[in-house]
Protein chains: 2
Amino acid sequence: MKPMTIGKLAKATGVSAETIRYYERFGFLPSPDRLESGYRVYGSDSIQRVRFIKEAQALGFTLAEVSDLIGLTADEHADCAQVNEKATQKLQEINKKIKALKKMQGALKILSQRCPADEQPLSECSIVNHLYDVREVAI
Amino acid sequence: MKPMTIGKLAKATGVSAETIRYYERFGFLPSPDRLESGYRVYGSDSIQRVRFIKEAQALGFTLAEVSDLIGLTADEHADCAQVNEKATQKLQEINKKIKALKKMQGALKILSQRCPADEQPLSECSIVNHLYDVREVAI
DNA sequence: TTACACCTTATAGTATACTTTAAGGTCAAG
DNA sequence: CTTGACCTTAAAGTATACTATAAGGTGTAA
């Protein structure tokens, strides 16, 4: 069987070869074995490792946090509670972000509804007036 | 009355002098007059201009988009509808972001609830198992 | 006059997660 | 044996919105 070089791992995971090298360089992936030519050769577990990173990112974790998670999974003494704490922290962070976005959403909705949205000059625009002076258009 | 130099504008707006120079450099604020010494002098309208930028950012607009908005306000032929379109676009963008965050939130909640969160080894952790292989823990 | 706060510029650094480029070596098919 | 796909490295670029630094000039109060 042909060795899995970086391009094959890239295809298998949907992550570019450059990104895989990047992950390796910053310790998110272990240094793989090399062929005599210097080509990286990966075992099938590498696919899982890359997937781990991608899934953690999809849950909102940064690469630094992914690094922490990888550290926990490699630690014999680590337990479920430690991982759960990371998840709970991330959850709170996400809740905060949602809250901030909802605030923007609410303000934009109100301003947009109040704006005549036609050929009126901008002096009649509730959005522009809000930007010029918050007090002119209470939200 | 003493001229409003950059430090005073900074205090009046809560934005640092460096940031004000940055805004000027990239065209978000007009170049102010100068004293003989080279010091920038601002009129009171500058406070409003800085506030415009900050308020637009608070609504989720990037500086590039703020630039567009400033352009519209300076355009005699611009009308309300054009501004409203920017707001509507931004609203949709924010809705998308909220949706993405809610997806993360939902997944994290489920994983966290399923995780025993005690001293169990990580092989029992629903979160870690999810990261290792999505199919093991359906969401 | 001597501090000290304040101003000036250009340039570089920060954070995050890559992506691109340059210059070159390797492998497999035809 | 040549062509083209694939691999290597180090270094620089991208996006966004600043923030910091260096080296120096200005304004004012004691």
# chains A, B, ... in the order shown; residues from 1 in each chain; ligands from 1
>>> interface_residues(of="chain A", to="chain D", cutoff="9 Å", atoms="only C-alpha atoms (C1' of nucleotides)", output="list in words")
Thr5, Ile6, Gly7, Ser37, Gly38, Tyr39 and Arg40 of chain A
>>> interface_residues(of="chain B", to="chain A", cutoff="7 Å", atoms="only C-alpha atoms", output="ChimeraX atom specification")
/B:48,51-52,55-56,59-60,73,79-81,84,87,91,94,98,101,104-105,108,112,115-122,125,131-132
>>> write_last_selection(atoms="N, CA and C atoms", output="JSON list (two decimals), in the first residue's frame")
[["chain", "number", "residue", "atom", "x", "y", "z"],
["B", 48, "GLN", "N", -18.70, 64.51, 16.77],
["B", 48, "GLN", "CA", -19.80, 63.81, 16.14],
["B", 48, "GLN", "C", -19.30, 62.77, 15.14],
["B", 51, "ARG", "N", -18.05, 59.83, 16.94],
["B", 51, "ARG", "CA", -19.19, 59.11, 17.49],
["B", 51, "ARG", "C", -19.90, 58.29, 16.41],
["B", 52, "PHE", "N", -19.99, 58.87, 15.23],
["B", 52, "PHE", "CA", -20.60, 58.16, 14.10],
["B", 52, "PHE", "C", -19.90, 56.81, 13.88],
["B", 55, "GLU", "N", -20.60, 54.40, 16.83],
["B", 55, "GLU", "CA", -21.96, 53.89, 16.84],
["B", 55, "GLU", "C", -22.18, 52.87, 15.73],
["B", 56, "ALA", "N", -21.61, 53.18, 14.57],
["B", 56, "ALA", "CA", -21.75, 52.24, 13.46],
["B", 56, "ALA", "C", -21.06, 50.92, 13.80],
["B", 59, "LEU", "N", -23.11, 48.81, 15.91],
["B", 59, "LEU", "CA", -24.19, 48.14, 15.19],
["B", 59, "LEU", "C", -23.64, 46.98, 14.36],
["B", 60, "GLY", "N", -22.34, 46.76, 14.42],
["B", 60, "GLY", "CA", -21.76, 45.62, 13.73],
["B", 60, "GLY", "C", -21.06, 45.95, 12.42],
["B", 73, "THR", "N", -23.51, 59.60, 3.46],
["B", 73, "THR", "CA", -23.95, 60.82, 4.14],
["B", 73, "THR", "C", -23.38, 62.07, 3.47],
["B", 79, "ASP", "N", -30.00, 58.49, -0.80],
["B", 79, "ASP", "CA", -31.27, 58.52, -0.09],
["B", 79, "ASP", "C", -31.34, 57.43, 0.96],
["B", 80, "CYS", "N", -32.37, 57.54, 1.72],
["B", 80, "CYS", "CA", -32.69, 56.64, 2.80],
["B", 80, "CYS", "C", -32.62, 55.16, 2.41],
["B", 81, "ALA", "N", -33.13, 54.86, 1.24],
["B", 81, "ALA", "CA", -33.19, 53.46, 0.81],
["B", 81, "ALA", "C", -31.81, 52.83, 0.75],
["B", 84, "ASN", "N", -30.71, 52.13, 4.21],
["B", 84, "ASN", "CA", -31.49, 51.01, 4.75],
["B", 84, "ASN", "C", -31.01, 49.68, 4.20],
["B", 87, "ALA", "N", -28.15, 48.52, 6.17],
["B", 87, "ALA", "CA", -28.60, 48.03, 7.47],
["B", 87, "ALA", "C", -29.21, 46.65, 7.34],
["B", 91, "LEU", "N", -27.96, 43.22, 8.98],
["B", 91, "LEU", "CA", -28.89, 42.45, 9.79],
["B", 91, "LEU", "C", -28.85, 40.98, 9.40],
["B", 94, "ILE", "N", -25.71, 39.41, 10.60],
["B", 94, "ILE", "CA", -25.77, 39.16, 12.04],
["B", 94, "ILE", "C", -26.65, 37.95, 12.33],
["B", 98, "ILE", "N", -25.55, 34.64, 14.39],
["B", 98, "ILE", "CA", -26.29, 34.14, 15.54],
["B", 98, "ILE", "C", -26.66, 32.68, 15.32],
["B", 101, "LEU", "N", -23.64, 30.50, 15.86],
["B", 101, "LEU", "CA", -23.31, 30.40, 17.29],
["B", 101, "LEU", "C", -24.32, 29.53, 18.02],
["B", 104, "MET", "N", -23.42, 25.95, 17.60],
["B", 104, "MET", "CA", -22.35, 25.57, 18.53],
["B", 104, "MET", "C", -22.92, 25.40, 19.93],
["B", 105, "GLN", "N", -23.73, 26.36, 20.30],
["B", 105, "GLN", "CA", -24.33, 26.35, 21.63],
["B", 105, "GLN", "C", -25.11, 25.05, 21.86],
["B", 108, "LEU", "N", -22.73, 22.02, 22.09],
["B", 108, "LEU", "CA", -21.98, 22.03, 23.36],
["B", 108, "LEU", "C", -22.89, 21.67, 24.54],
["B", 112, "SER", "N", -22.19, 18.51, 26.77],
["B", 112, "SER", "CA", -21.86, 18.77, 28.16],
["B", 112, "SER", "C", -22.83, 18.05, 29.09],
["B", 115, "CYS", "N", -22.00, 14.39, 29.22],
["B", 115, "CYS", "CA", -20.70, 14.07, 29.84],
["B", 115, "CYS", "C", -20.91, 13.89, 31.34],
["B", 116, "PRO", "N", -20.46, 12.78, 31.89],
["B", 116, "PRO", "CA", -20.65, 12.57, 33.33],
["B", 116, "PRO", "C", -20.00, 13.66, 34.18],
["B", 117, "ALA", "N", -18.99, 14.31, 33.64],
["B", 117, "ALA", "CA", -18.34, 15.42, 34.33],
["B", 117, "ALA", "C", -17.83, 15.05, 35.71],
["B", 118, "ASP", "N", -17.32, 13.85, 35.83],
["B", 118, "ASP", "CA", -16.69, 13.49, 37.12],
["B", 118, "ASP", "C", -15.32, 12.89, 36.85],
["B", 119, "GLU", "N", -14.88, 12.05, 37.72],
["B", 119, "GLU", "CA", -13.50, 11.55, 37.58],
["B", 119, "GLU", "C", -13.38, 10.37, 36.61],
["B", 120, "GLN", "N", -14.39, 10.18, 35.80],
["B", 120, "GLN", "CA", -14.32, 9.11, 34.81],
["B", 120, "GLN", "C", -13.17, 9.37, 33.83],
["B", 121, "PRO", "N", -12.60, 8.29, 33.33],
["B", 121, "PRO", "CA", -11.55, 8.47, 32.32],
["B", 121, "PRO", "C", -12.15, 9.07, 31.05],
["B", 122, "LEU", "N", -11.30, 9.63, 30.23],
["B", 122, "LEU", "CA", -11.78, 10.35, 29.05],
["B", 122, "LEU", "C", -12.45, 9.43, 28.02],
["B", 125, "CYS", "N", -15.93, 10.11, 28.13],
["B", 125, "CYS", "CA", -16.35, 11.50, 27.95],
["B", 125, "CYS", "C", -17.02, 11.69, 26.60],
["B", 131, "LEU", "N", -15.29, 14.51, 19.60],
["B", 131, "LEU", "CA", -14.18, 15.11, 18.87],
["B", 131, "LEU", "C", -13.39, 14.06, 18.11],
["B", 132, "TYR", "N", -13.25, 12.90, 18.70],
["B", 132, "TYR", "CA", -12.50, 11.85, 18.02],
["B", 132, "TYR", "C", -13.25, 11.27, 16.84]]
>>> select_by_dssp(residues="chain B", states="helix (DSSP H, G or I)", output="JSON, numbers by chain")
{"B": [6, 7, 8, 9, 10, 11, 12, 13, 17, 18, 19, 20, 21, 22, 23, 24, 25, 45, 46, 47, 48, 49, 50, 51, 52, 53, 54, 55, 56, 57, 58, 63, 64, 65, 66, 67, 68, 69, 70, 71, 72, 73, 80, 81, 82, 83, 84, 85, 86, 87, 88, 89, 90, 91, 92, 93, 94, 95, 96, 97, 98, 99, 100, 101, 102, 103, 104, 105, 106, 107, 108, 109, 110, 111, 112, 113, 114, 122, 123, 124, 126, 127, 128, 129, 130, 131, 132, 134, 135, 136]}
>>> atom_distance(atom1="atom CA of A:Leu35", atom2="atom C1' of C:DA22")
23.9 Å
>>> interface_residues(of="chain C", to="chain B", cutoff="8 Å", atoms="only C-alpha atoms (C1' of nucleotides)", output="VMD selection string")
chain C and resid 6 to 8
>>> write_last_selection(atoms="C-alpha atoms (C1' of nucleotides)", output="PDB file, in the first residue's frame")
ATOM      1  C1'  DC C   6       1.491  66.821  25.093  1.00  0.00           C
ATOM      2  C1'  DC C   7       2.252  66.731  20.275  1.00  0.00           C
ATOM      3  C1'  DT C   8       4.665  64.917  15.647  1.00  0.00           C
TER       4       DT C   8
END
>>> residues_around(residues="A:Tyr22", least_positions_apart="3", cutoff="12 Å", atoms="only C-alpha atoms (C1' of nucleotides)", output="list in words")
Ile6, Val15, Ser16, Ala17, Glu18, Thr19, Arg25, Phe26, Gly27, Phe28, Leu29, Pro30, Ser31, Val50 and Leu63 of chain A; DA17, DC18 and DT19 of chain C
>>> write_last_selection(atoms="N, CA and C atoms (P, O5', C5', C4', C3', O3' and C1' of nucleotides)", output="compact mmCIF listing (two decimals), in the first residue's frame")
# COMPACT_ATOMS: atom_id res chain seq x y z
N ILE A 6 1.31 13.87 2.58
CA ILE A 6 0.52 14.99 3.08
C ILE A 6 -0.68 15.32 2.18
N VAL A 15 -8.66 19.31 4.51
CA VAL A 15 -7.83 20.40 5.03
C VAL A 15 -6.63 20.50 4.10
N SER A 16 -6.17 21.71 3.77
CA SER A 16 -5.06 21.81 2.82
C SER A 16 -3.75 21.32 3.40
N ALA A 17 -2.85 20.91 2.52
CA ALA A 17 -1.53 20.42 2.95
C ALA A 17 -0.79 21.51 3.72
N GLU A 18 -0.96 22.75 3.30
CA GLU A 18 -0.30 23.86 3.99
C GLU A 18 -0.81 23.97 5.42
N THR A 19 -2.10 23.80 5.57
CA THR A 19 -2.69 23.89 6.90
C THR A 19 -2.21 22.74 7.78
N ARG A 25 3.63 22.46 12.73
CA ARG A 25 4.61 23.44 13.18
C ARG A 25 4.25 24.02 14.55
N PHE A 26 2.96 24.19 14.81
CA PHE A 26 2.55 24.77 16.07
C PHE A 26 2.11 23.72 17.09
N GLY A 27 2.42 22.49 16.81
CA GLY A 27 2.20 21.44 17.81
C GLY A 27 0.79 20.90 17.92
N PHE A 28 -0.07 21.22 16.96
CA PHE A 28 -1.43 20.69 17.02
C PHE A 28 -1.49 19.28 16.45
N LEU A 29 -0.46 18.95 15.70
CA LEU A 29 -0.31 17.58 15.19
C LEU A 29 1.13 17.15 15.48
N PRO A 30 1.35 15.86 15.78
CA PRO A 30 2.72 15.39 16.02
C PRO A 30 3.51 15.34 14.71
N SER A 31 4.83 15.44 14.82
CA SER A 31 5.67 15.31 13.64
C SER A 31 5.58 13.88 13.14
N VAL A 50 -6.69 15.17 12.79
CA VAL A 50 -7.09 16.37 12.06
C VAL A 50 -8.58 16.62 12.29
N LEU A 63 -7.55 27.43 18.28
CA LEU A 63 -6.48 26.44 18.20
C LEU A 63 -5.74 26.33 19.53
P DA C 17 -7.44 30.48 16.33
O5' DA C 17 -7.24 30.26 14.78
C5' DA C 17 -8.25 30.69 13.88
C4' DA C 17 -7.73 30.60 12.47
C3' DA C 17 -6.99 29.28 12.16
O3' DA C 17 -7.43 28.77 10.91
C1' DA C 17 -5.72 31.10 11.48
P DC C 18 -7.27 27.22 10.59
O5' DC C 18 -5.77 27.06 10.15
C5' DC C 18 -5.23 27.25 8.86
C4' DC C 18 -5.55 28.57 8.23
C3' DC C 18 -5.20 28.58 6.77
O3' DC C 18 -6.37 28.86 6.00
C1' DC C 18 -4.23 30.47 7.88
P DT C 19 -6.42 28.34 4.51
O5' DT C 19 -5.46 29.33 3.70
C5' DT C 19 -5.86 30.67 3.45
C4' DT C 19 -4.80 31.35 2.61
C3' DT C 19 -4.35 30.56 1.38
O3' DT C 19 -4.53 31.45 0.27
C1' DT C 19 -2.47 31.31 2.62
>>> atom_distance(atom1="atom CA of B:Gly71", atom2="atom CA of B:Gln89")
17.0 Å
>>> atom_distance(atom1="atom CA of B:Ile110", atom2="atom CA of A:Ile20")
29.5 Å
